[in-house]
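Listing of query-v4.csv, CSV, C-alpha atoms
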chain,number,residue,atom,x,y,z
J,1,MET,CA,76.5,117.8,87.5
J,2,THR,CA,78.3,117.6,84.1
J,3,GLU,CA,80.9,114.8,84.1
J,4,PHE,CA,84.0,115.1,81.9
J,5,VAL,CA,86.3,112.6,80.2
J,6,PHE,CA,89.6,113.1,78.5
J,7,MET,CA,89.6,112.1,74.8
J,8,ASN,CA,91.7,113.1,71.8
J,9,GLY,CA,93.7,115.6,73.8
J,10,ASP,CA,90.8,117.5,75.3
J,11,PHE,CA,88.4,117.4,78.3
J,12,ILE,CA,84.9,117.0,76.9
J,13,GLU,CA,81.5,116.2,78.3
J,14,ALA,CA,81.0,112.5,78.9
J,15,ASP,CA,77.8,112.2,76.9
J,16,LYS,CA,79.7,113.7,73.8
J,17,ALA,CA,82.5,111.2,74.0
J,18,VAL,CA,81.9,108.7,71.1
J,19,ILE,CA,83.9,106.5,68.8
J,20,PRO,CA,82.9,105.5,65.2
J,21,ILE,CA,81.4,102.0,64.9
J,22,ARG,CA,84.3,100.9,62.6
J,23,THR,CA,86.9,101.7,65.2
J,24,HIS,CA,89.5,98.9,65.2
J,25,ALA,CA,89.5,98.5,69.0
J,26,PHE,CA,85.7,98.0,69.0
J,27,LEU,CA,85.8,95.4,66.2
J,28,TYR,CA,88.8,93.4,67.4
J,29,GLY,CA,89.4,94.2,71.1
J,30,THR,CA,92.7,95.9,70.3
J,31,SER,CA,93.0,98.2,73.2
J,32,VAL,CA,94.9,98.1,76.5
J,33,PHE,CA,93.7,99.7,79.7
J,34,GLU,CA,94.2,100.2,83.4
J,35,GLY,CA,91.9,100.3,86.4
J,36,ILE,CA,93.0,102.8,89.0
J,37,ARG,CA,91.2,103.8,92.2
J,38,ALA,CA,91.1,107.2,93.9
J,39,TYR,CA,90.1,107.2,97.5
J,40,TYR,CA,88.4,110.1,99.3
J,41,ASN,CA,89.7,111.1,102.7
J,42,SER,CA,86.9,113.1,104.3
J,43,GLU,CA,89.0,114.2,107.2
J,44,GLU,CA,91.5,115.9,104.9
J,45,ASN,CA,88.9,116.7,102.2
J,46,GLN,CA,91.4,115.1,99.8
J,47,LEU,CA,91.1,112.6,97.0
J,48,TYR,CA,94.1,110.3,96.6
J,49,ALA,CA,94.8,108.4,93.4
J,50,PHE,CA,96.5,105.2,94.4
J,51,ARG,CA,99.7,104.1,92.7
J,52,ALA,CA,98.9,106.0,89.5
J,53,GLU,CA,102.5,106.0,88.3
J,54,GLU,CA,102.8,102.2,88.7
J,55,HIS,CA,99.5,101.7,86.8
J,56,TYR,CA,100.7,103.9,83.9
J,57,LYS,CA,104.0,102.0,83.8
J,58,ARG,CA,102.0,98.8,83.3
J,59,LEU,CA,99.9,100.5,80.7
J,60,LEU,CA,103.0,101.2,78.6
J,61,ALA,CA,104.2,97.7,79.1
J,62,SER,CA,100.9,96.4,77.7
J,63,ALA,CA,101.1,98.9,74.9
J,64,LYS,CA,104.5,97.5,73.9
J,65,VAL,CA,103.1,94.0,73.5
J,66,MET,CA,100.3,95.4,71.3
J,67,TRP,CA,102.5,97.4,69.0
J,68,MET,CA,101.2,100.7,70.4
J,69,LYS,CA,103.0,104.1,70.6
J,70,SER,CA,102.2,106.0,73.7
J,71,PRO,CA,101.2,109.7,73.1
J,72,TYR,CA,102.2,110.7,76.6
J,73,SER,CA,104.9,110.1,79.2
J,74,ILE,CA,104.1,108.6,82.6
J,75,SER,CA,104.3,112.0,84.3
J,76,GLU,CA,101.9,113.4,81.7
J,77,TYR,CA,99.4,110.6,82.2
J,78,VAL,CA,99.4,111.3,85.9
J,79,GLN,CA,98.9,115.0,85.4
J,80,ILE,CA,96.0,114.4,83.0
J,81,THR,CA,94.4,112.1,85.5
J,82,LYS,CA,94.8,114.7,88.3
J,83,ASP,CA,93.3,117.4,86.0
J,84,LEU,CA,90.4,115.2,85.1
J,85,LEU,CA,89.6,114.2,88.7
J,86,LYS,CA,89.9,117.9,89.8
J,87,LYS,CA,87.5,118.9,86.9
J,88,ASN,CA,84.9,116.3,88.0
J,89,ASP,CA,85.3,117.5,91.7
J,90,TYR,CA,84.5,114.1,93.3
J,91,LYS,CA,83.9,113.8,97.1
J,92,THR,CA,83.7,110.1,97.0
J,93,ASP,CA,85.8,107.0,96.0
J,94,VAL,CA,86.4,106.9,92.2
J,95,TYR,CA,87.3,104.4,89.5
J,96,ILE,CA,89.6,105.7,86.8
J,97,ARG,CA,89.8,103.9,83.4
J,98,PRO,CA,92.6,105.0,81.1
J,99,THR,CA,92.6,103.3,77.7
J,100,LEU,CA,95.0,103.2,74.8
J,101,TYR,CA,93.2,101.9,71.7
J,102,LYS,CA,93.7,101.2,68.0
J,103,SER,CA,91.6,103.9,66.4
J,104,SER,CA,92.0,103.4,62.7
J,105,ILE,CA,88.8,102.8,60.7
J,106,LYS,CA,89.7,99.6,59.0
J,107,VAL,CA,88.8,95.9,58.7
J,108,GLY,CA,91.4,93.3,59.5
J,109,PRO,CA,93.1,92.5,62.8
J,110,THR,CA,96.6,93.7,62.0
J,111,LEU,CA,98.2,96.0,64.7
J,112,THR,CA,100.7,97.8,62.5
J,113,ASP,CA,99.8,100.7,60.3
J,114,ASN,CA,97.0,101.4,62.8
J,115,ASP,CA,96.6,104.7,64.7
J,116,ASP,CA,96.7,104.8,68.5
J,117,SER,CA,94.4,107.0,70.6
J,118,PHE,CA,93.9,107.6,74.3
J,119,LEU,CA,91.0,108.3,76.6
J,120,ILE,CA,90.2,108.3,80.3
J,121,PHE,CA,86.8,108.2,81.9
J,122,THR,CA,86.1,108.2,85.7
J,123,THR,CA,83.1,107.2,87.8
J,124,PRO,CA,82.2,107.0,91.5
J,125,PHE,CA,82.9,103.5,92.7
J,126,GLY,CA,82.4,101.7,96.0
J,127,ASN,CA,83.1,98.1,97.0
J,128,TYR,CA,83.1,95.6,94.1
J,129,PHE,CA,82.4,92.7,96.5
J,130,ASP,CA,80.7,92.2,99.8
J,131,SER,CA,83.7,92.0,102.1
J,132,SER,CA,82.2,89.3,104.3
J,133,GLY,CA,83.7,86.5,102.2
J,134,LEU,CA,83.6,85.1,98.7
J,135,LYS,CA,82.2,81.8,97.7
J,136,LEU,CA,84.4,80.6,94.8
J,137,CYS,CA,84.5,77.7,92.4
J,138,VAL,CA,87.3,76.4,90.3
J,139,SER,CA,86.4,77.3,86.7
J,140,SER,CA,86.1,74.8,83.9
J,141,TRP,CA,87.6,77.5,81.6
J,142,ARG,CA,91.4,77.9,81.5
J,143,ARG,CA,93.4,81.1,81.6
J,144,THR,CA,94.8,82.3,78.3
J,145,SER,CA,98.5,81.7,78.2
J,146,ASP,CA,101.5,84.0,77.6
J,147,ASN,CA,101.8,82.5,74.1
J,148,ALA,CA,98.1,83.1,73.3
J,149,ILE,CA,96.8,86.3,74.7
J,150,PRO,CA,99.4,87.2,77.3
J,151,PRO,CA,97.7,87.9,80.7
J,152,ARG,CA,100.5,90.2,81.7
J,153,ALA,CA,99.3,92.6,79.1
J,154,LYS,CA,95.9,94.2,80.1
J,155,VAL,CA,94.3,93.7,76.7
J,156,SER,CA,90.6,94.4,76.5
J,157,GLY,CA,89.9,91.5,74.1
J,158,ALA,CA,91.4,89.1,76.6
J,159,TYR,CA,88.6,89.9,79.0
J,160,ALA,CA,86.2,87.7,77.0
J,161,ASN,CA,88.0,84.9,78.9
J,162,SER,CA,87.3,86.7,82.2
J,163,ALA,CA,83.6,87.2,81.2
J,164,LEU,CA,83.1,83.5,80.5
J,165,ILE,CA,84.7,82.5,83.8
J,166,LYS,CA,82.8,85.0,85.9
J,167,THR,CA,79.4,84.5,84.2
J,168,ASP,CA,79.5,80.7,84.5
J,169,ALA,CA,80.5,81.0,88.2
J,170,HIS,CA,77.5,83.3,88.8
J,171,ALA,CA,75.2,80.9,86.9
J,172,MET,CA,76.3,78.1,89.3
J,173,GLY,CA,75.6,80.3,92.4
J,174,PHE,CA,79.2,81.4,93.2
J,175,ASP,CA,80.6,84.9,93.5
J,176,ASP,CA,83.6,84.3,91.3
J,177,ALA,CA,86.1,81.6,90.3
J,178,VAL,CA,89.7,80.5,90.6
J,179,VAL,CA,91.2,79.9,87.1
J,180,LEU,CA,93.7,77.1,86.3
J,181,SER,CA,96.4,77.3,83.6
J,182,GLU,CA,96.6,74.9,80.7
J,183,ASN,CA,98.8,72.6,82.8
J,184,GLY,CA,96.2,72.6,85.6
J,185,GLN,CA,97.8,74.8,88.2
J,186,VAL,CA,96.3,77.9,89.9
J,187,THR,CA,96.7,81.2,88.1
J,188,GLU,CA,94.3,83.8,89.6
J,189,GLY,CA,90.6,84.7,89.8
J,190,SER,CA,88.6,85.9,86.9
J,191,ALA,CA,90.1,89.4,87.2
J,192,MET,CA,92.0,89.4,90.5
J,193,ASN,CA,95.1,87.8,92.0
J,194,ILE,CA,94.9,85.3,94.8
J,195,PHE,CA,96.8,84.7,98.0
J,196,LEU,CA,96.8,81.7,100.3
J,197,VAL,CA,98.0,81.5,103.9
J,198,ILE,CA,99.7,78.1,104.5
J,199,ASN,CA,101.3,77.5,107.9
J,200,GLY,CA,101.7,81.2,108.5
J,201,VAL,CA,103.3,81.9,105.0
J,202,LEU,CA,101.6,84.2,102.6
J,203,THR,CA,101.7,82.2,99.3
J,204,THR,CA,100.8,83.4,95.8
J,205,THR,CA,101.4,82.4,92.2
J,206,SER,CA,104.6,83.6,90.6
J,207,ILE,CA,104.7,86.2,87.8
J,208,THR,CA,105.4,83.5,85.2
J,209,ASP,CA,102.2,81.6,86.1
J,210,ASP,CA,100.0,83.3,83.4
J,211,ILE,CA,98.7,86.1,85.7
J,212,LEU,CA,98.3,89.8,85.4
J,213,ILE,CA,101.1,91.2,87.5
J,214,GLY,CA,98.8,93.2,89.8
J,215,VAL,CA,99.7,96.5,91.3
J,216,THR,CA,97.5,95.5,94.3
J,217,ARG,CA,99.3,92.2,94.4
J,218,ASN,CA,102.6,94.1,94.7
J,219,THR,CA,101.1,96.3,97.4
J,220,VAL,CA,100.0,93.3,99.4
J,221,ILE,CA,103.5,91.8,99.2
J,222,GLU,CA,105.1,95.0,100.4
J,223,LEU,CA,102.6,95.4,103.2
J,224,ALA,CA,103.2,91.8,104.3
J,225,ASN,CA,106.9,92.6,104.5
J,226,GLU,CA,106.1,95.6,106.6
J,227,LEU,CA,104.1,93.5,109.0
J,228,GLY,CA,106.8,90.8,109.1
J,229,ILE,CA,104.7,88.2,107.4
J,230,PRO,CA,106.8,85.8,105.2
J,231,VAL,CA,105.8,85.7,101.5
J,232,CYS,CA,106.4,82.9,99.0
J,233,GLU,CA,105.8,83.1,95.2
J,234,ARG,CA,105.5,79.7,93.6
J,235,ALA,CA,103.3,77.3,91.6
J,236,ILE,CA,100.1,76.3,93.5
J,237,ASP,CA,98.2,73.1,93.0
J,238,ARG,CA,94.4,73.1,93.0
J,239,THR,CA,94.0,71.0,96.1
J,240,GLU,CA,96.2,73.4,98.1
J,241,LEU,CA,93.3,75.9,97.8
J,242,TYR,CA,91.0,73.6,99.9
J,243,ASN,CA,93.5,73.0,102.7
J,244,ALA,CA,94.8,76.6,103.0
J,245,ASP,CA,94.4,78.3,106.4
J,246,GLU,CA,93.2,81.5,104.8
J,247,VAL,CA,92.6,82.7,101.2
J,248,PHE,CA,91.9,86.2,99.9
J,249,CYS,CA,91.7,87.8,96.5
J,250,CYS,CA,93.0,91.3,95.6
J,251,GLY,CA,92.9,93.8,92.7
J,252,THR,CA,92.1,97.4,92.0
J,253,GLY,CA,88.4,96.5,91.7
J,254,ALA,CA,88.2,93.8,94.3
J,255,GLN,CA,90.6,95.6,96.7
J,256,ILE,CA,91.2,92.9,99.4
J,257,VAL,CA,88.4,90.5,99.9
J,258,PRO,CA,88.5,87.3,102.0
J,259,VAL,CA,87.4,83.9,100.6
J,260,GLU,CA,84.9,81.9,102.6
J,261,SER,CA,84.8,78.7,100.5
J,262,ILE,CA,86.1,77.2,97.3
J,263,ASP,CA,84.2,74.4,95.5
J,264,ASN,CA,81.9,74.4,98.6
J,265,ARG,CA,84.8,73.5,100.9
J,266,ILE,CA,85.1,75.9,103.8
J,267,ILE,CA,88.4,77.7,104.1
J,268,GLY,CA,89.8,77.6,107.6
J,269,ASN,CA,86.9,78.4,109.9
J,270,GLY,CA,85.0,80.2,107.2
J,271,LYS,CA,85.7,83.7,108.7
J,272,ILE,CA,88.3,86.3,107.9
J,273,GLY,CA,91.7,85.1,109.0
J,274,GLU,CA,94.2,86.9,111.2
J,275,ILE,CA,96.8,87.6,108.5
J,276,THR,CA,94.1,88.6,106.0
J,277,LYS,CA,92.7,91.1,108.5
J,278,LYS,CA,96.1,92.6,109.3
J,279,ILE,CA,96.9,93.2,105.7
J,280,SER,CA,93.4,94.4,104.9
J,281,ASP,CA,93.3,96.9,107.8
J,282,LEU,CA,96.7,98.3,106.8
J,283,TYR,CA,95.7,98.5,103.1
J,284,TYR,CA,92.6,100.6,103.7
J,285,ASN,CA,94.6,103.0,105.8
J,286,VAL,CA,97.4,103.2,103.2
J,287,VAL,CA,95.1,103.9,100.2
J,288,ARG,CA,93.4,106.8,102.0
J,289,GLY,CA,96.7,108.5,102.7
J,290,LYS,CA,96.7,107.7,106.4
J,291,SER,CA,100.1,106.0,106.5
J,292,GLU,CA,103.0,108.4,106.3
J,293,LYS,CA,105.4,105.6,105.3
J,294,PHE,CA,103.3,104.7,102.3
J,295,LYS,CA,102.0,108.1,101.4
J,296,LYS,CA,104.4,108.1,98.4
J,297,TRP,CA,101.9,105.8,96.7
J,298,CYS,CA,99.0,108.4,97.1
J,299,THR,CA,98.8,111.2,94.6
J,300,PRO,CA,96.7,114.1,96.0
J,301,ILE,CA,94.2,115.6,93.6
J,302,TYR,CA,93.0,118.8,95.3
J,303,ASP,CA,95.4,121.7,96.0
Give the structure from the file, written as C-alpha cells.
Amino acid sequence: MTEFVFMNGDFIEADKAVIPIRTHAFLYGTSVFEGIRAYYNSEENQLYAFRAEEHYKRLLASAKVMWMKSPYSISEYVQITKDLLKKNDYKTDVYIRPTLYKSSIKVGPTLTDNDDSFLIFTTPFGNYFDSSGLKLCVSSWRRTSDNAIPPRAKVSGAYANSALIKTDAHAMGFDDAVVLSENGQVTEGSAMNIFLVINGVLTTTSITDDILIGVTRNTVIELANELGIPVCERAIDRTELYNADEVFCCGTGAQIVPVESIDNRIIGNGKIGEITKKISDLYYNVVRGKSEKFKKWCTPIYD
C-alpha cells in the first residue's frame, strides 16, 4: 500500500518526501514538532485522533518561541491531519508527526530571515513500552532549562538531551530515566511526564519545573478530577520518588505506564497501583472514543 505524507502544501508519496541536505532544520535542529496519536476503534470501524486541537495549539506556542510563522490555523491543521489519515486508510493505531521547520538553505544558526515550512508524516504505532512496569534510574544528565533550550517548546534540537538520557539509561540496564533540573529537583522522564501517588494524592511537577507541559499530563489531571482523586502540582525531591506509594509516567508515546522501580528501589509493592490502574483504565476507554463525556477530545477520521 502506498503511504502518503503532507509536505509543501500537497499530499505526496512518502518515499518522494525529501529535504535538501543544507536545510537549516537539519543542520541546526531548528524545527518544532508534535506527536499525536490516533486510536482505532474496531467496534465502530473508526479512527479517532486524540486531542489534535490541543496538540496544534502547543505547536503554535513552540513556533512562537522559535520565531516561526505558522502557515495554517489550528482548524486547518486538524483538517489536513484528517485528510492525510483518511488518505492512508489505517485500520490500526497510528502515530502522527507534524513538524514546522526552518527550511532556508543557509549556514548560520539565526532564526530570523529564514523560511518556515510544514510537513506531516504518519505511521502505524503500538505500545511504546511494555505496560507491566518500568525500571527507571535517576539520570546523571540534567534537563535543559527554560533559559537554555526551553522544555516547554517542543524543539527537535532539544531532543539531543533526551537521547543522551535514554541511551545511558539503556546502557545501564534500565528502561528509561527520571531527569533532575539544574537545582536537583525532579522534572520528568527522558520524554514523558511523571506522576507520584503520595498518601492518596496524585502528585506531579509544576509547569514551571522545566517540563514539557504535556497534553497527556493534562488529560491525566482531568481524568483524576473525574474520578475524585486529589491532584497536587509542586516541586518534587529525588528521595520522594523512592518512597512514593505509586509512580507512573505518561505521554503521547508512553501513554500511561506504571513504574516498578527507580534506582533499583521497588515502588510500593512493585505492581500496578490502584490509582494508576483506575486512571489507566479510564484513559484507554477515553482515547478510543468509548466515553461520551470525553468524546469531545476525539476527532473522528472516517465519515
Atom CA of Leu223 of chain J to atom CA of Lys91 of chain J, straight-line distance in Å: 26.9 Å
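Counting only C-alpha atoms and comparing J:Asn183, J:Thr252, J:Ser117, J:Thr23, the residue that lies closest to Arg37 of chain J is J:Thr252.
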Distance in Å - atom CA of His24 of chain J versus atom CA of Ser73 of chain J: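 Atom-to-atom, atom CA of His24 of chain J and atom CA of Ser73 of chain J are spaced 23.6 Å apart.
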Any idea what's packed within 8 Å of Pro151 of chain J, counting only C-alpha atoms, ignoring anything in its chain fewer than 3 positions away? Could you give it as a PDB file with C-alpha atoms, keeping the file's coordinate frame?
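Wrote selection.pdb, looks like this:
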ATOM      1  CA  THR J 144      94.800  82.300  78.300  1.00  0.00           C
ATOM      2  CA  SER J 145      98.500  81.700  78.200  1.00  0.00           C
ATOM      3  CA  ASP J 146     101.500  84.000  77.600  1.00  0.00           C
ATOM      4  CA  LYS J 154      95.900  94.200  80.100  1.00  0.00           C
ATOM      5  CA  VAL J 155      94.300  93.700  76.700  1.00  0.00           C
ATOM      6  CA  ALA J 158      91.400  89.100  76.600  1.00  0.00           C
ATOM      7  CA  ASP J 210     100.000  83.300  83.400  1.00  0.00           C
ATOM      8  CA  ILE J 211      98.700  86.100  85.700  1.00  0.00           C
ATOM      9  CA  LEU J 212      98.300  89.800  85.400  1.00  0.00           C
TER      10      LEU J 212
END
Top pick for closest residue to Ala163 of chain J, considering J:Ile74, J:Val287, J:Ile36, J:Ala191 and counting all atoms listed in the file: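 Of J:Ile74, J:Val287, J:Ile36, J:Ala191, the one nearest Ala163 of chain J, counting all atoms listed in the file, is J:Ala191.
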Pick from J:Tyr90, J:Tyr77, J:Tyr101, J:Tyr39, whichever lies nearest to Ser62 of chain J using only C-alpha atoms: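 Among the listed residues, J:Tyr101 lies closest to Ser62 of chain J.
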Residues within 12 Å of (93.5, 73.4, 85.8), file coords, only C-alpha atoms, listed as number ranges by chain: J: 137-144, 177-188, 209, 236-239
d(atom CA of Met172 of chain J, atom CA of Asn264 of chain J) in Å: 11.5 Å
Local residues around (103.8, 90.9, 107.5), at most 12 Å away, using only C-alpha atoms, as a PyMOL selection string: chain J and resi 197+200-202+219-232+274-280+282-283
For Gly253 of chain J, the nearest of the candidates J:Asn193, J:Thr299, J:Asn127, J:Thr30, counting only C-alpha atoms: J:Asn127
Shortest interatomic distance to Leu60 of chain J - which of J:Phe118, J:Phe26, J:Phe174, J:Tyr242, counting only C-alpha atoms: J:Phe118
Near Gly108 of chain J, within 12 Å and counting only C-alpha atoms, which residues show up once chain neighbours fewer than 6 positions away are dropped, as a PDB file with C-alpha atoms, in the coordinates of the input?
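Saved the output as selection_30.pdb:
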ATOM      1  CA  ARG J  22      84.300 100.900  62.600  1.00  0.00           C
ATOM      2  CA  THR J  23      86.900 101.700  65.200  1.00  0.00           C
ATOM      3  CA  HIS J  24      89.500  98.900  65.200  1.00  0.00           C
ATOM      4  CA  ALA J  25      89.500  98.500  69.000  1.00  0.00           C
ATOM      5  CA  LEU J  27      85.800  95.400  66.200  1.00  0.00           C
ATOM      6  CA  TYR J  28      88.800  93.400  67.400  1.00  0.00           C
ATOM      7  CA  GLY J  29      89.400  94.200  71.100  1.00  0.00           C
ATOM      8  CA  THR J  30      92.700  95.900  70.300  1.00  0.00           C
ATOM      9  CA  LYS J 102      93.700 101.200  68.000  1.00  0.00           C
ATOM     10  CA  ASN J 114      97.000 101.400  62.800  1.00  0.00           C
TER      11      ASN J 114
END
Which residue of J:Leu85, J:Ile21, J:Val65, J:Ala153 approaches Tyr302 of chain J most closely, using only C-alpha atoms: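 Once distances to Tyr302 of chain J are computed over only C-alpha atoms, the minimum belongs to J:Leu85.
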Surrounding residues of Lys296 of chain J excluding itself and chain neighbours under 2 positions, 12 Å, only C-alpha atoms, as a PyMOL selection string: chain J and resi 48-54+286-294+298-300
If I only have part of segment 27-37 of chain J, can you fill in all heavy atoms and write it as a PDB file, in the coordinates of the input?
ATOM      1  N   LEU J  27      86.017  96.643  67.014  1.00  0.00           N
ATOM      2  CA  LEU J  27      85.800  95.400  66.200  1.00  0.00           C
ATOM      3  C   LEU J  27      86.649  94.261  66.639  1.00  0.00           C
ATOM      4  O   LEU J  27      86.210  93.114  66.545  1.00  0.00           O
ATOM      5  CB  LEU J  27      86.137  95.773  64.722  1.00  0.00           C
ATOM      6  CG  LEU J  27      85.248  96.806  64.018  1.00  0.00           C
ATOM      7  CD1 LEU J  27      85.722  96.993  62.591  1.00  0.00           C
ATOM      8  CD2 LEU J  27      83.785  96.393  64.057  1.00  0.00           C
ATOM      9  N   TYR J  28      87.867  94.525  67.160  1.00  0.00           N
ATOM     10  CA  TYR J  28      88.800  93.400  67.400  1.00  0.00           C
ATOM     11  C   TYR J  28      89.352  93.364  68.844  1.00  0.00           C
ATOM     12  O   TYR J  28      90.193  92.512  69.136  1.00  0.00           O
ATOM     13  CB  TYR J  28      89.989  93.528  66.439  1.00  0.00           C
ATOM     14  CG  TYR J  28      89.567  93.381  64.996  1.00  0.00           C
ATOM     15  CD1 TYR J  28      89.477  94.499  64.165  1.00  0.00           C
ATOM     16  CD2 TYR J  28      89.231  92.135  64.467  1.00  0.00           C
ATOM     17  CE1 TYR J  28      89.076  94.377  62.844  1.00  0.00           C
ATOM     18  CE2 TYR J  28      88.827  92.003  63.144  1.00  0.00           C
ATOM     19  CZ  TYR J  28      88.749  93.121  62.338  1.00  0.00           C
ATOM     20  OH  TYR J  28      88.345  92.993  61.031  1.00  0.00           O
ATOM     21  N   GLY J  29      88.899  94.230  69.717  1.00  0.00           N
ATOM     22  CA  GLY J  29      89.400  94.200  71.100  1.00  0.00           C
ATOM     23  C   GLY J  29      90.829  94.664  71.234  1.00  0.00           C
ATOM     24  O   GLY J  29      91.523  94.285  72.185  1.00  0.00           O
ATOM     25  N   THR J  30      91.303  95.493  70.291  1.00  0.00           N
ATOM     26  CA  THR J  30      92.700  95.900  70.300  1.00  0.00           C
ATOM     27  C   THR J  30      92.908  97.202  71.056  1.00  0.00           C
ATOM     28  O   THR J  30      93.221  98.262  70.500  1.00  0.00           O
ATOM     29  CB  THR J  30      93.197  96.076  68.815  1.00  0.00           C
ATOM     30  OG1 THR J  30      92.257  96.902  68.101  1.00  0.00           O
ATOM     31  CG2 THR J  30      93.313  94.734  68.124  1.00  0.00           C
ATOM     32  N   SER J  31      92.707  97.106  72.337  1.00  0.00           N
ATOM     33  CA  SER J  31      93.000  98.200  73.200  1.00  0.00           C
ATOM     34  C   SER J  31      93.629  97.646  74.512  1.00  0.00           C
ATOM     35  O   SER J  31      93.466  96.467  74.821  1.00  0.00           O
ATOM     36  CB  SER J  31      91.747  99.015  73.585  1.00  0.00           C
ATOM     37  OG  SER J  31      90.819  98.225  74.303  1.00  0.00           O
ATOM     38  N   VAL J  32      94.367  98.478  75.200  1.00  0.00           N
ATOM     39  CA  VAL J  32      94.900  98.100  76.500  1.00  0.00           C
ATOM     40  C   VAL J  32      94.443  99.161  77.497  1.00  0.00           C
ATOM     41  O   VAL J  32      94.206 100.314  77.139  1.00  0.00           O
ATOM     42  CB  VAL J  32      96.459  98.022  76.492  1.00  0.00           C
ATOM     43  CG1 VAL J  32      96.910  96.930  75.541  1.00  0.00           C
ATOM     44  CG2 VAL J  32      97.113  99.347  76.130  1.00  0.00           C
ATOM     45  N   PHE J  33      94.279  98.752  78.741  1.00  0.00           N
ATOM     46  CA  PHE J  33      93.700  99.700  79.700  1.00  0.00           C
ATOM     47  C   PHE J  33      94.256  99.449  81.092  1.00  0.00           C
ATOM     48  O   PHE J  33      94.968  98.479  81.347  1.00  0.00           O
ATOM     49  CB  PHE J  33      92.163  99.515  79.711  1.00  0.00           C
ATOM     50  CG  PHE J  33      91.671  98.219  80.309  1.00  0.00           C
ATOM     51  CD1 PHE J  33      91.277  98.154  81.646  1.00  0.00           C
ATOM     52  CD2 PHE J  33      91.595  97.055  79.541  1.00  0.00           C
ATOM     53  CE1 PHE J  33      90.827  96.958  82.194  1.00  0.00           C
ATOM     54  CE2 PHE J  33      91.140  95.861  80.087  1.00  0.00           C
ATOM     55  CZ  PHE J  33      90.756  95.816  81.420  1.00  0.00           C
ATOM     56  N   GLU J  34      93.909 100.348  81.975  1.00  0.00           N
ATOM     57  CA  GLU J  34      94.200 100.200  83.400  1.00  0.00           C
ATOM     58  C   GLU J  34      92.949 100.517  84.183  1.00  0.00           C
ATOM     59  O   GLU J  34      92.057 101.241  83.719  1.00  0.00           O
ATOM     60  CB  GLU J  34      95.325 101.174  83.813  1.00  0.00           C
ATOM     61  CG  GLU J  34      96.720 100.684  83.479  1.00  0.00           C
ATOM     62  CD  GLU J  34      97.082  99.396  84.199  1.00  0.00           C
ATOM     63  OE1 GLU J  34      96.775  99.265  85.403  1.00  0.00           O
ATOM     64  OE2 GLU J  34      97.664  98.502  83.552  1.00  0.00           O
ATOM     65  N   GLY J  35      92.881  99.946  85.375  1.00  0.00           N
ATOM     66  CA  GLY J  35      91.900 100.300  86.400  1.00  0.00           C
ATOM     67  C   GLY J  35      92.620 100.918  87.533  1.00  0.00           C
ATOM     68  O   GLY J  35      93.476 100.259  88.112  1.00  0.00           O
ATOM     69  N   ILE J  36      92.341 102.159  87.853  1.00  0.00           N
ATOM     70  CA  ILE J  36      93.000 102.800  89.000  1.00  0.00           C
ATOM     71  C   ILE J  36      91.907 103.323  89.919  1.00  0.00           C
ATOM     72  O   ILE J  36      90.840 103.752  89.483  1.00  0.00           O
ATOM     73  CB  ILE J  36      93.826 104.044  88.471  1.00  0.00           C
ATOM     74  CG1 ILE J  36      94.778 103.631  87.342  1.00  0.00           C
ATOM     75  CG2 ILE J  36      94.597 104.701  89.618  1.00  0.00           C
ATOM     76  CD1 ILE J  36      95.472 104.807  86.654  1.00  0.00           C
ATOM     77  N   ARG J  37      92.173 103.244  91.196  1.00  0.00           N
ATOM     78  CA  ARG J  37      91.200 103.800  92.200  1.00  0.00           C
ATOM     79  C   ARG J  37      91.762 105.100  92.754  1.00  0.00           C
ATOM     80  O   ARG J  37      92.975 105.256  92.933  1.00  0.00           O
ATOM     81  CB  ARG J  37      90.954 102.818  93.308  1.00  0.00           C
ATOM     82  CG  ARG J  37      89.850 101.798  93.033  1.00  0.00           C
ATOM     83  CD  ARG J  37      89.543 101.040  94.309  1.00  0.00           C
ATOM     84  NE  ARG J  37      88.588  99.975  94.143  1.00  0.00           N
ATOM     85  CZ  ARG J  37      87.289 100.060  94.435  1.00  0.00           C
ATOM     86  NH1 ARG J  37      86.788 101.205  94.877  1.00  0.00           N
ATOM     87  NH2 ARG J  37      86.500  99.019  94.287  1.00  0.00           N
TER      88      ARG J  37
END
